[in-house]
>>> print(open('protein_20.cif').read())   # mmCIF, C-alpha atoms
data_my_file
#
loop_
_atom_site.label_atom_id
_atom_site.label_comp_id
_atom_site.auth_asym_id
_atom_site.auth_seq_id
_atom_site.Cartn_x
_atom_site.Cartn_y
_atom_site.Cartn_z
CA MET U 13 3.76 50.56 -48.45
CA SER U 14 3.73 52.36 -51.80
CA ARG U 15 1.17 51.81 -54.51
CA LYS U 16 3.69 49.90 -56.60
CA GLN U 17 4.54 47.67 -53.67
CA ARG U 18 0.87 47.02 -53.01
CA GLY U 19 0.39 46.14 -56.68
CA THR U 20 3.34 43.77 -56.59
CA ALA U 21 2.03 42.19 -53.41
CA ALA U 22 -1.39 41.73 -54.99
CA LEU U 23 0.18 40.17 -58.06
CA ALA U 24 2.26 37.89 -55.87
CA GLN U 25 -0.89 36.93 -53.99
CA LEU U 26 -2.57 36.10 -57.29
CA CYS U 27 0.40 33.91 -58.25
CA LEU U 28 0.03 32.04 -54.98
CA TRP U 29 -3.66 31.49 -55.64
CA PHE U 30 -2.97 30.07 -59.09
CA ALA U 31 -0.19 27.89 -57.77
CA SER U 32 -2.44 26.61 -54.99
CA ARG U 33 -4.72 25.11 -57.65
CA MET U 34 -2.00 22.54 -58.31
CA VAL U 35 -1.93 21.47 -54.68
CA THR U 36 -4.30 18.70 -53.64
CA ARG U 37 -7.41 19.87 -51.85
CA GLY U 38 -6.54 18.19 -48.56
CA THR U 39 -3.27 20.09 -48.09
CA ARG U 40 -4.10 23.27 -49.99
CA ARG U 41 -5.27 25.29 -47.02
CA GLU U 42 -2.16 24.66 -44.94
CA TRP U 43 0.10 25.13 -47.94
CA MET U 44 -1.54 28.48 -48.73
CA ALA U 45 -1.27 29.59 -45.10
CA GLU U 46 2.45 28.91 -45.04
CA TRP U 47 3.13 30.71 -48.29
CA ASN U 48 0.91 33.64 -47.29
CA ALA U 49 2.74 34.04 -44.01
CA GLU U 50 6.09 33.94 -45.77
CA LEU U 51 4.88 36.34 -48.43
CA CYS U 52 3.70 38.73 -45.74
CA HIS U 53 7.16 38.60 -44.23
CA VAL U 54 8.81 39.18 -47.61
CA CYS U 55 6.52 42.15 -48.29
CA SER U 56 7.49 43.70 -44.97
CA LEU U 57 11.14 43.73 -45.97
CA GLN U 58 12.50 46.72 -47.81
CA ALA U 59 14.60 44.59 -50.15
CA GLY U 60 11.98 41.90 -50.56
CA ALA U 61 10.94 40.68 -53.98
CA PRO U 62 7.43 39.32 -53.41
CA LEU U 63 6.68 38.45 -57.01
CA GLN U 64 9.93 36.57 -57.50
CA PHE U 65 9.35 34.83 -54.19
CA SER U 66 5.80 33.75 -55.05
CA LEU U 67 6.83 32.38 -58.43
CA GLY U 68 8.69 29.69 -56.52
CA ALA U 69 5.34 28.52 -55.20
CA PHE U 70 4.61 26.96 -58.60
CA GLN U 71 7.65 24.71 -58.27
CA ASP U 72 6.69 23.84 -54.72
CA ALA U 73 3.10 23.06 -55.70
CA PHE U 74 4.27 21.03 -58.67
CA TRP U 75 6.63 19.03 -56.48
CA LEU U 76 3.86 18.31 -53.98
CA ARG U 77 1.54 17.19 -56.75
CA SER U 78 4.10 14.93 -58.44
CA ASP U 79 5.25 13.48 -55.10
CA ARG U 80 1.68 12.57 -54.29
CA MET U 81 1.25 10.95 -57.69
CA ARG U 82 4.43 8.96 -57.16
CA SER U 83 3.18 7.78 -53.76
CA LEU U 84 -0.17 6.79 -55.20
CA SER U 85 1.38 4.86 -58.07
CA ARG U 86 3.67 3.05 -55.62
CA LEU U 87 0.65 2.23 -53.50
CA ARG U 88 -1.30 1.09 -56.54
CA LEU U 89 1.53 -1.14 -57.64
CA ALA U 90 1.87 -2.64 -54.17
CA SER U 91 -1.85 -3.12 -53.60
CA GLY U 92 -2.34 -4.36 -57.16
CA SER U 93 0.23 -7.05 -56.62
CA ALA U 94 -1.35 -8.10 -53.34
CA SER U 95 -4.82 -8.06 -54.87
CA ARG U 96 -3.72 -10.20 -57.77
CA CYS U 97 -2.09 -12.65 -55.40
CA LEU U 98 -5.18 -12.76 -53.19
CA LEU U 99 -7.48 -13.18 -56.18
CA THR U 100 -5.41 -16.05 -57.52
CA LEU U 101 -5.45 -17.78 -54.15
CA MET U 102 -9.22 -17.32 -53.87
CA LEU U 103 -9.71 -18.75 -57.35
CA PHE U 104 -7.63 -21.78 -56.49
CA ALA U 105 -9.44 -22.20 -53.17
CA ALA U 106 -12.85 -22.04 -54.81
CA GLY U 107 -12.03 -23.79 -58.07
CA GLY U 108 -9.93 -26.62 -56.68
CA PRO U 109 -12.68 -28.42 -54.75
CA LEU U 110 -15.15 -27.80 -57.58
CA MET U 111 -12.79 -29.35 -60.11
CA CYS U 112 -12.19 -32.29 -57.78
CA LEU U 113 -15.91 -33.03 -57.72
CA TRP U 114 -15.73 -33.78 -61.44
CA LEU U 115 -13.15 -36.47 -60.93
CA PRO U 116 -14.56 -40.00 -61.11
CA GLY U 117 -15.11 -41.76 -57.84
CA VAL U 118 -14.56 -38.67 -55.80
CA ARG U 119 -17.49 -39.52 -53.59
CA LEU U 120 -15.43 -42.36 -52.18
CA ALA U 121 -12.97 -39.80 -50.92
CA LEU U 122 -15.65 -37.77 -49.21
CA SER U 123 -16.17 -38.51 -45.59
CA ALA U 124 -18.85 -41.08 -44.90
CA PRO U 125 -22.15 -39.63 -43.68
CA TYR U 126 -22.54 -42.29 -41.02
CA ARG U 127 -21.39 -42.11 -37.44
CA ASP U 128 -18.26 -44.08 -36.64
CA PRO U 129 -17.78 -45.28 -40.22
CA ALA U 130 -14.52 -47.05 -39.32
CA ASN U 131 -16.54 -49.82 -37.72
CA LEU U 132 -19.30 -50.01 -40.29
CA VAL U 133 -18.91 -52.83 -42.81
CA ILE U 134 -20.85 -54.30 -45.69
CA ILE U 135 -20.47 -58.06 -45.95
CA SER U 136 -20.61 -59.67 -49.34
CA SER U 137 -19.54 -62.98 -50.85
CA ASP U 138 -16.31 -63.38 -52.74
CA GLY U 139 -16.53 -61.67 -56.13
CA TYR U 140 -19.42 -59.42 -55.14
CA ALA U 141 -17.54 -56.74 -53.23
CA GLY U 142 -18.47 -53.29 -54.49
CA THR U 143 -21.20 -54.60 -56.76
CA GLN U 144 -24.90 -53.78 -56.69
CA SER U 145 -25.82 -57.49 -56.56
CA PRO U 146 -26.94 -59.10 -53.30
CA SER U 147 -24.76 -62.08 -52.34
CA ILE U 148 -25.52 -63.06 -48.74
CA SER U 149 -28.30 -65.50 -48.09
CA LEU U 150 -30.78 -64.91 -45.33
CA SER U 151 -29.71 -68.16 -43.67
CA GLU U 152 -26.09 -66.88 -43.50
CA TYR U 153 -27.35 -63.68 -41.94
CA ARG U 154 -29.37 -65.64 -39.40
CA ASN U 155 -26.32 -67.75 -38.64
CA TRP U 156 -24.13 -64.68 -37.98
CA THR U 157 -26.84 -63.04 -35.93
CA ALA U 158 -26.82 -66.05 -33.67
CA ASN U 159 -23.10 -66.87 -33.61
CA ALA U 160 -21.00 -63.82 -34.42
CA HIS U 161 -21.54 -61.65 -31.34
CA ARG U 162 -17.81 -61.57 -30.74
CA LEU U 163 -17.32 -59.86 -34.07
CA PHE U 164 -20.38 -57.69 -34.51
CA ARG U 165 -22.07 -55.31 -32.20
CA GLN U 166 -25.08 -55.18 -34.53
CA ILE U 167 -25.83 -56.81 -37.84
CA ALA U 168 -28.64 -55.95 -40.28
CA PHE U 169 -29.99 -57.36 -43.52
CA TYR U 170 -31.91 -55.97 -46.46
CA ARG U 171 -33.16 -57.56 -49.67
CA PRO U 172 -33.69 -55.38 -52.73
CA ALA U 173 -36.85 -55.91 -54.78
CA VAL U 174 -39.16 -53.92 -57.01
CA GLU U 175 -42.60 -53.36 -55.54
CA GLY U 176 -45.56 -51.12 -56.16
CA VAL U 177 -46.36 -48.44 -53.62
CA HIS U 178 -50.10 -47.80 -53.62
CA LEU U 179 -51.07 -44.35 -52.43
CA PRO U 180 -54.56 -43.42 -51.24
CA GLY U 181 -56.67 -42.54 -54.25
CA GLY U 182 -55.51 -45.45 -56.35
CA VAL U 183 -52.16 -44.01 -57.41
CA ALA U 184 -49.43 -46.66 -57.65
CA VAL U 185 -45.72 -46.01 -58.01
CA GLN U 186 -43.20 -48.76 -58.78
CA LEU U 187 -40.12 -48.43 -56.62
CA SER U 188 -36.94 -50.37 -56.15
CA MET U 189 -36.85 -50.87 -52.43
CA GLY U 190 -34.93 -52.73 -49.81
CA PHE U 191 -36.88 -54.93 -47.40
CA ALA U 192 -34.81 -54.49 -44.29
CA SER U 193 -34.48 -55.91 -40.82
CA PRO U 194 -35.82 -53.62 -38.06
CA ASN U 195 -32.34 -52.64 -36.87
CA LEU U 196 -30.94 -51.39 -40.20
CA LEU U 197 -31.25 -47.70 -39.40
CA ARG U 198 -29.74 -48.24 -35.97
CA VAL U 199 -26.77 -50.02 -37.53
CA MET U 200 -26.26 -47.27 -40.08
CA GLU U 201 -26.68 -44.48 -37.50
CA LEU U 202 -27.68 -41.88 -40.03
CA SER U 203 -26.72 -38.42 -38.85
CA GLY U 204 -28.88 -36.36 -41.20
CA TRP U 205 -32.42 -36.52 -42.43
CA HIS U 206 -34.21 -34.52 -45.02
CA ARG U 207 -37.56 -35.14 -43.31
CA ARG U 208 -38.56 -37.64 -40.70
CA LEU U 209 -41.65 -38.62 -38.77
CA ARG U 210 -40.82 -39.65 -35.26
CA ASP U 211 -42.49 -42.44 -33.27
CA ALA U 212 -43.92 -44.16 -36.33
CA ARG U 213 -45.02 -47.77 -36.13
CA ALA U 214 -43.50 -50.49 -38.30
CA PRO U 215 -43.45 -51.14 -41.11
CA GLN U 216 -41.89 -47.84 -42.07
CA LEU U 217 -41.08 -46.69 -45.57
CA TYR U 218 -38.13 -44.38 -46.05
CA LEU U 219 -37.69 -42.69 -49.42
CA SER U 220 -34.51 -41.38 -50.93
CA GLU U 221 -34.55 -37.65 -51.55
CA SER U 222 -34.14 -38.06 -55.31
CA ALA U 223 -36.99 -40.61 -55.47
CA TRP U 224 -39.20 -38.31 -53.42
CA GLN U 225 -38.48 -35.47 -55.83
CA ALA U 226 -38.70 -37.48 -59.06
CA ARG U 227 -41.54 -39.91 -58.28
CA PHE U 228 -43.62 -37.94 -55.78
CA HIS U 229 -42.94 -34.39 -57.04
CA SER U 230 -41.50 -33.37 -53.65
CA ASP U 231 -44.91 -33.67 -52.06
CA PRO U 232 -44.44 -32.30 -48.51
CA GLY U 233 -47.64 -33.97 -47.32
CA LEU U 234 -46.32 -37.43 -48.08
CA ILE U 235 -44.75 -37.93 -44.67
CA GLY U 236 -47.11 -39.78 -42.36
CA ARG U 237 -49.31 -41.22 -45.09
CA THR U 238 -50.18 -44.89 -45.05
CA VAL U 239 -49.50 -46.74 -48.29
CA LEU U 240 -49.94 -50.34 -49.38
CA ILE U 241 -46.86 -52.36 -50.38
CA ALA U 242 -47.49 -55.91 -51.57
CA GLY U 243 -50.89 -55.68 -49.97
CA ALA U 244 -49.57 -54.70 -46.53
CA PRO U 245 -49.85 -51.22 -45.00
CA ALA U 246 -46.75 -49.15 -44.32
CA THR U 247 -46.23 -45.59 -43.15
CA ILE U 248 -44.05 -43.18 -45.11
CA THR U 249 -41.84 -42.18 -42.25
CA GLY U 250 -38.92 -40.24 -43.63
CA ILE U 251 -36.95 -38.92 -46.54
CA VAL U 252 -33.25 -39.58 -46.42
CA SER U 253 -30.97 -37.07 -48.10
CA ASP U 254 -29.05 -38.40 -51.09
CA ASP U 255 -25.75 -37.93 -49.33
CA GLN U 256 -26.84 -40.48 -46.73
CA TRP U 257 -28.15 -42.89 -49.32
CA ARG U 258 -25.06 -44.91 -50.18
CA LEU U 259 -26.15 -48.48 -49.65
CA PRO U 260 -25.64 -50.84 -52.60
CA GLY U 261 -28.68 -52.16 -54.42
CA GLY U 262 -29.77 -49.04 -56.32
CA MET U 263 -32.82 -48.57 -54.13
CA ASP U 264 -35.39 -45.78 -54.13
CA ALA U 265 -36.75 -46.71 -50.72
CA LEU U 266 -36.17 -48.79 -47.63
CA LEU U 267 -38.99 -50.68 -46.00
CA ILE U 268 -38.15 -51.30 -42.37
CA GLY U 269 -40.32 -54.18 -41.28
CA ASP U 270 -40.56 -56.15 -38.08
CA ALA U 271 -38.65 -59.29 -37.23
CA HIS U 272 -41.63 -61.48 -37.98
CA GLU U 273 -41.79 -60.36 -41.62
CA LEU U 274 -38.15 -61.25 -42.15
CA SER U 275 -38.68 -64.70 -40.69
CA THR U 276 -41.31 -65.49 -43.31
CA LEU U 277 -38.76 -65.15 -46.14
CA PRO U 278 -37.02 -68.31 -47.43
CA GLY U 279 -33.48 -68.99 -46.24
CA ASP U 280 -31.96 -68.74 -49.71
CA ALA U 281 -33.28 -65.19 -50.30
CA ARG U 282 -30.24 -63.08 -51.00
CA GLY U 283 -29.55 -59.61 -49.76
CA PHE U 284 -26.95 -57.28 -48.32
CA VAL U 285 -25.61 -57.44 -44.81
CA ILE U 286 -24.39 -54.36 -43.04
CA ALA U 287 -22.80 -54.62 -39.63
CA ARG U 288 -21.16 -52.70 -36.84
CA VAL U 289 -17.91 -54.38 -35.97
CA ARG U 290 -16.77 -54.27 -32.40
CA PRO U 291 -13.86 -51.79 -32.15
CA SER U 292 -11.74 -54.32 -30.28
CA VAL U 293 -12.01 -56.65 -33.26
CA LEU U 294 -10.73 -54.05 -35.67
CA LEU U 295 -7.71 -53.51 -33.48
CA ALA U 296 -6.79 -57.16 -33.85
CA ASP U 297 -4.80 -58.65 -36.69
CA ARG U 298 -6.91 -58.27 -39.80
CA SER U 299 -5.70 -61.53 -41.25
CA GLY U 300 -7.98 -63.11 -38.66
CA TRP U 301 -10.99 -62.11 -40.66
CA ARG U 302 -10.46 -64.93 -43.06
CA SER U 303 -10.45 -67.69 -40.49
CA MET U 304 -13.41 -66.24 -38.73
CA PHE U 305 -15.50 -66.46 -41.87
CA GLU U 306 -14.19 -69.65 -43.37
CA TYR U 307 -17.35 -71.43 -42.43
CA SER U 308 -19.40 -69.04 -44.60
CA ASN U 309 -17.59 -69.99 -47.80
CA GLY U 310 -15.48 -66.98 -48.63
CA VAL U 311 -16.93 -63.75 -47.34
CA ILE U 312 -15.56 -60.34 -47.97
CA LEU U 313 -15.85 -57.53 -45.51
CA THR U 314 -15.96 -54.10 -47.02
CA LEU U 315 -15.59 -51.05 -44.88
CA VAL U 316 -18.07 -48.39 -45.77
CA GLN U 317 -15.54 -45.68 -45.07
CA ASP U 318 -13.11 -46.95 -47.68
CA SER U 319 -13.89 -48.57 -50.94
CA VAL U 320 -12.52 -51.99 -50.10
CA LEU U 321 -10.36 -52.27 -47.05
CA LEU U 322 -10.34 -55.98 -46.66
CA LYS U 323 -10.80 -58.24 -49.63
CA GLN U 324 -10.12 -61.83 -48.78
CA GLY U 325 -11.72 -64.82 -50.39
CA SER U 326 -11.46 -68.49 -49.64
CA MET G 6 20.68 4.54 -44.12
CA PRO G 7 19.20 5.00 -47.61
CA VAL G 8 18.19 8.60 -46.89
CA GLU G 9 21.79 9.58 -46.18
CA ALA G 10 22.92 8.30 -49.53
CA LYS G 11 20.21 10.21 -51.35
CA LEU G 12 20.80 13.57 -49.68
CA SER G 13 21.73 16.03 -52.39
CA HIS G 14 23.96 19.02 -51.82
CA THR G 15 20.98 21.37 -51.90
CA ALA G 16 19.10 19.27 -49.38
CA ALA G 17 22.19 19.10 -47.21
CA MET G 18 22.45 22.90 -47.34
CA VAL G 19 18.83 23.32 -46.31
CA LEU G 20 19.31 20.80 -43.51
CA GLN G 21 22.43 22.58 -42.37
CA ALA G 22 20.57 25.91 -42.39
CA ILE G 23 17.80 24.52 -40.23
CA HIS G 24 20.43 23.04 -37.97
CA GLY G 25 22.01 26.49 -37.85
CA GLY G 26 18.84 28.00 -36.44
CA TYR G 27 17.22 29.30 -39.61
CA VAL G 28 13.85 27.75 -39.00
CA TYR G 29 11.59 29.55 -41.50
CA GLY G 30 11.49 28.98 -45.22
CA PHE G 31 12.43 32.52 -46.10
CA SER G 32 15.30 32.62 -43.60
CA VAL G 33 16.66 29.41 -45.11
CA MET G 34 16.46 31.12 -48.49
CA GLU G 35 18.35 34.12 -47.21
CA PHE G 36 21.16 32.15 -45.68
CA THR G 37 21.59 29.58 -48.42
CA GLY G 38 21.01 31.95 -51.27
CA LEU G 39 18.70 29.45 -52.89
CA PRO G 40 15.42 30.55 -54.52
CA SER G 41 12.03 29.76 -53.02
CA GLY G 42 11.29 27.28 -55.80
CA THR G 43 14.26 25.22 -54.61
CA VAL G 44 14.11 25.67 -50.85
CA TYR G 45 10.47 24.82 -50.24
CA PRO G 46 10.39 21.58 -52.27
CA ALA G 47 13.64 20.58 -50.55
CA MET G 48 12.06 21.16 -47.16
CA ARG G 49 8.99 19.16 -48.17
CA ARG G 50 11.24 16.26 -49.15
CA LEU G 51 13.21 16.47 -45.93
CA GLU G 52 10.00 16.52 -43.92
CA ARG G 53 8.57 13.59 -45.87
CA ASP G 54 11.74 11.60 -45.14
CA GLY G 55 11.53 12.43 -41.45
CA LEU G 56 14.71 14.51 -41.32
CA ILE G 57 12.91 17.65 -40.23
CA ALA G 58 9.56 18.33 -38.57
CA SER G 59 7.35 21.38 -38.87
CA LYS G 60 5.22 23.23 -36.37
CA TRP G 61 2.99 26.26 -36.58
CA GLU G 62 3.92 29.35 -34.65
CA GLN G 63 1.63 30.09 -31.74
CA GLN G 64 -1.13 32.55 -32.57
CA PRO G 65 -0.39 35.01 -29.71
CA ILE G 66 3.19 35.39 -30.90
CA ALA G 67 2.01 36.09 -34.44
CA ASP G 68 -0.65 38.49 -33.19
CA ALA G 69 1.93 40.40 -31.21
CA ALA G 70 4.02 40.81 -34.37
CA GLN G 71 0.89 41.76 -36.34
CA ARG G 72 1.38 39.11 -39.02
CA PRO G 73 0.00 35.66 -39.82
CA PRO G 74 1.55 32.72 -37.94
CA ARG G 75 4.52 31.21 -39.72
CA LYS G 76 5.45 27.59 -40.03
CA TYR G 77 8.82 26.76 -38.63
CA TYR G 78 11.00 23.70 -38.93
CA ARG G 79 13.26 21.82 -36.59
CA MET G 80 15.65 18.96 -37.18
CA THR G 81 14.84 15.46 -35.98
CA ARG G 82 17.23 12.89 -34.55
CA THR G 83 17.35 11.13 -37.91
CA GLY G 84 18.04 14.45 -39.56
CA ARG G 85 20.93 15.07 -37.20
CA LEU G 86 22.47 11.69 -38.02
CA THR G 87 21.98 12.29 -41.71
CA LEU G 88 23.56 15.70 -41.48
CA GLU G 89 26.56 14.27 -39.69
CA ALA G 90 26.97 11.85 -42.55
CA ALA G 91 26.55 14.71 -45.02
CA TRP G 92 29.39 16.62 -43.33
CA LYS G 93 31.73 13.84 -44.35
CA ARG G 94 30.43 13.93 -47.88
CA TYR G 95 30.35 17.73 -48.17
CA PRO G 96 33.20 19.00 -45.96
CA LEU G 97 32.58 22.66 -46.85
CA LEU G 98 29.02 22.52 -45.63
CA GLU G 99 29.89 23.45 -42.09
CA ARG G 100 31.86 26.48 -43.24
CA MET G 101 29.05 27.76 -45.44
CA ILE G 102 26.54 27.94 -42.64
CA PRO G 103 27.93 28.08 -39.13
CA GLN G 104 26.50 25.96 -36.37
CA PRO G 105 24.42 27.67 -33.73
CA GLN G 106 26.13 28.43 -30.46
CA GLY G 107 26.14 25.68 -27.87
CA VAL G 108 25.89 22.90 -30.45
CA GLU G 109 28.91 20.67 -30.66
CA LYS G 110 29.96 18.53 -33.55
CA ALA G 111 29.40 14.88 -32.83
#
>>> encode(input="protein_20.cif", output="structure tokens")
Amino acid sequence: MSRKQRGTAALAQLCLWFASRMVTRGTRREWMAEWNAELCHVCSLQAGAPLQFSLGAFQDAFWLRSDRMRSLSRLRLASGSASRCLLTLMLFAAGGPLMCLWLPGVRLALSAPYRDPANLVIISSDGYAGTQSPSISLSEYRNWTANAHRLFRQIAFYRPAVEGVHLPGGVAVQLSMGFASPNLLRVMELSGWHRRLRDARAPQLYLSESAWQARFHSDPGLIGRTVLIAGAPATITGIVSDDQWRLPGGMDALLIGDAHELSTLPGDARGFVIARVRPSVLLADRSGWRSMFEYSNGVILTLVQDSVLLKQGS
Amino acid sequence: MPVEAKLSHTAAMVLQAIHGGYVYGFSVMEFTGLPSGTVYPAMRRLERDGLIASKWEQQPIADAAQRPPRKYYRMTRTGRLTLEAAWKRYPLLERMIPQPQGVEKA
């Protein structure tokens, strides 16, 4: 190879090197190897034109670069569209339920926190359904307890009243509480507790979570303490989460007493009655409810699960 | 096939050359008369579209010839089908670059 040919080959090699700068790093080595091998072949030919040949490498490198850019932009467009779609769906999925929570009465649509809510009913007199006013007298409750076994598996009573809770150390807190029959918690079958003391003796005081936070500053040592309510001792046994606390009466606490305490109350004391209806009864014709309760002067049964499922007066 | 419709005359010539047994970039240049700046991008496009496939020459063969290994190209099945379609579109293509011996027109 003459000096001129060597110079031309070196110049052609330099052209290749410059052109290779346009090629992406990942493919540059292979690209350079191919062009070098071809250039070597061209240089070995007598009639070869290495410089002219290597100038074509710029076009090749430019094509590779622009083709890659086209592929990337296509990919970006495709992935951008999918990302936007996914983002919109995620926003709807997250925002939809949040927006629904602002709608009035949405808690009614939420599933009831009690077990088997389809058979759980609140009984109230005609005109009192869905209100916070007690309407069933204790004598009516006693009557149903004795005579309505065919209808109810269990039936419980509670009477709302405002009483002072006297803590050790002379601290007294006024609470709106429900004085309940011993079986109330069994009837409700609460599935979740914020805190609970097991194997406590009656009478037991259960606080709502919001009352515990607002009136007792979320004192964790409150559980198990003995307090005085209307001069009688009671043990703070549990804190019920607000989600579970849906009974009418606007109560801060429930005092679960024994059967004897309930029997000392007068028959005309009014309260709420909550009952577990036998499943076989619910399967029957619901118009039968009216005749079954005619003797109690127009009683309305309200399913806890729904707002008012059955609303029949006399 | 969309690729068939997009095959330009230059690309068809390159494909025909590879089909004719000219498997290196420079040999394709020689037989088509096209410059390197046209042939190599055309081969890249054909390879990207799956009409041809490339393979590096084995090192012992290159060593024996005392040169770096070269990259050679072969036609794929898709390329063959595309070329057959191109023959209908460019009837003179077959005359420009003869087919290798032993290969029959489909």
>>> interface_residues(input="protein_20.cif", of="chain U", to="chain G", cutoff="9 Å", atoms="all atoms listed in the file", output="mmCIF file with C-alpha atoms, in the coordinates of the input")
data_model
loop_
_atom_site.group_PDB
_atom_site.id
_atom_site.type_symbol
_atom_site.label_atom_id
_atom_site.label_comp_id
_atom_site.auth_asym_id
_atom_site.auth_seq_id
_atom_site.Cartn_x
_atom_site.Cartn_y
_atom_site.Cartn_z
ATOM 1 C CA ALA U 45 -1.270 29.590 -45.100
ATOM 2 C CA GLU U 46 2.450 28.910 -45.040
ATOM 3 C CA TRP U 47 3.130 30.710 -48.290
ATOM 4 C CA ASN U 48 0.910 33.640 -47.290
ATOM 5 C CA ALA U 49 2.740 34.040 -44.010
ATOM 6 C CA GLU U 50 6.090 33.940 -45.770
ATOM 7 C CA LEU U 51 4.880 36.340 -48.430
ATOM 8 C CA CYS U 52 3.700 38.730 -45.740
ATOM 9 C CA HIS U 53 7.160 38.600 -44.230
ATOM 10 C CA VAL U 54 8.810 39.180 -47.610
ATOM 11 C CA GLN U 64 9.930 36.570 -57.500
ATOM 12 C CA PHE U 65 9.350 34.830 -54.190
ATOM 13 C CA SER U 66 5.800 33.750 -55.050
ATOM 14 C CA LEU U 67 6.830 32.380 -58.430
ATOM 15 C CA GLY U 68 8.690 29.690 -56.520
ATOM 16 C CA ALA U 69 5.340 28.520 -55.200
ATOM 17 C CA PHE U 70 4.610 26.960 -58.600
ATOM 18 C CA GLN U 71 7.650 24.710 -58.270
ATOM 19 C CA ASP U 72 6.690 23.840 -54.720
ATOM 20 C CA ALA U 73 3.100 23.060 -55.700
ATOM 21 C CA PHE U 74 4.270 21.030 -58.670
ATOM 22 C CA TRP U 75 6.630 19.030 -56.480
ATOM 23 C CA LEU U 76 3.860 18.310 -53.980
ATOM 24 C CA ASP U 79 5.250 13.480 -55.100
#
>>> resolve_selection(input="protein_20.cif", expression="the PyMOL selection byres ((chain U and resi 253) around 7)", output="NGL selection string")
:U and (205-206 or 220-221 or 251-252 or 254-257)
>>> atom_distance(input="protein_20.cif", atom1="atom CA of G:Lys93", atom2="atom CA of G:Tyr78")
23.6 Å
>>> resolve_selection(input="protein_20.cif", expression="the PyMOL selection byres ((chain G and resi 36) around 8)", output="list in words")
Ala22, Tyr27, Ser32, Val33, Met34, Glu35, Thr37, Gly38 and Ile102 of chain G
>>> resolve_selection(input="protein_20.cif", expression="the PyMOL selection byres ((chain G and resi 51) around 12)", output="ChimeraX atom specification")
/G:8-9,11-13,15-21,23,44-50,52-59,78-81,83-85,87-88
>>> atom_distance(input="protein_20.cif", atom1="atom CA of U:Thr100", atom2="atom CA of U:Arg82")
26.9 Å
>>> residues_around(input="protein_20.cif", residues="U:Gln186", least_positions_apart="5", cutoff="7 Å", atoms="all atoms listed in the file", output="list of chain:residue names")
U:Val174, U:Glu175, U:Gly176, U:Val177
>>> closest_residue(input="protein_20.cif", among="U:Thr157, U:Gln216, U:Ser56, U:Asn131", to="G:Gln71", atoms="all atoms listed in the file")
U:Ser56
>>> atom_distance(input="protein_20.cif", atom1="atom CA of U:Ile235", atom2="atom CA of U:Gly261")
23.6 Å
>>> residues_around(input="protein_20.cif", residues="U:Leu179", least_positions_apart="6", cutoff="10 Å", atoms="only C-alpha atoms", output="compact mmCIF listing (two decimals) with C-alpha atoms, keeping the file's coordinate frame")
# COMPACT_ATOMS: atom_id res chain seq x y z
CA VAL U 185 -45.72 -46.01 -58.01
CA LEU U 234 -46.32 -37.43 -48.08
CA ARG U 237 -49.31 -41.22 -45.09
CA THR U 238 -50.18 -44.89 -45.05
CA VAL U 239 -49.50 -46.74 -48.29
CA LEU U 240 -49.94 -50.34 -49.38
CA ILE U 241 -46.86 -52.36 -50.38
>>> decode(input="protein_20.cif", residues="stretch 31-41 of chain G", atoms="N, CA and C atoms", output="compact mmCIF listing (two decimals), in the first residue's frame")
# COMPACT_ATOMS: atom_id res chain seq x y z
N PHE G 31 -20.57 -4.18 1.09
CA PHE G 31 -19.83 -3.65 -0.05
C PHE G 31 -20.17 -4.39 -1.33
N SER G 32 -20.40 -5.71 -1.24
CA SER G 32 -20.76 -6.46 -2.44
C SER G 32 -22.12 -6.03 -2.96
N VAL G 33 -23.03 -5.70 -2.05
CA VAL G 33 -24.34 -5.18 -2.47
C VAL G 33 -24.14 -3.86 -3.21
N MET G 34 -23.23 -3.04 -2.69
CA MET G 34 -22.91 -1.77 -3.34
C MET G 34 -22.41 -1.99 -4.75
N GLU G 35 -21.51 -2.94 -4.87
CA GLU G 35 -20.90 -3.21 -6.17
C GLU G 35 -21.93 -3.64 -7.20
N PHE G 36 -22.83 -4.51 -6.76
CA PHE G 36 -23.75 -5.09 -7.74
C PHE G 36 -24.98 -4.24 -8.00
N THR G 37 -25.29 -3.35 -7.07
CA THR G 37 -26.43 -2.46 -7.32
C THR G 37 -25.98 -1.12 -7.89
N GLY G 38 -24.74 -0.81 -7.61
CA GLY G 38 -24.23 0.48 -8.07
C GLY G 38 -24.64 1.62 -7.16
N LEU G 39 -25.19 1.29 -6.04
CA LEU G 39 -25.64 2.32 -5.10
C LEU G 39 -24.50 2.69 -4.16
N PRO G 40 -24.46 3.94 -3.68
CA PRO G 40 -23.39 4.34 -2.76
C PRO G 40 -23.60 3.75 -1.36
N SER G 41 -22.54 3.80 -0.58
CA SER G 41 -22.61 3.22 0.78
C SER G 41 -23.64 3.94 1.64
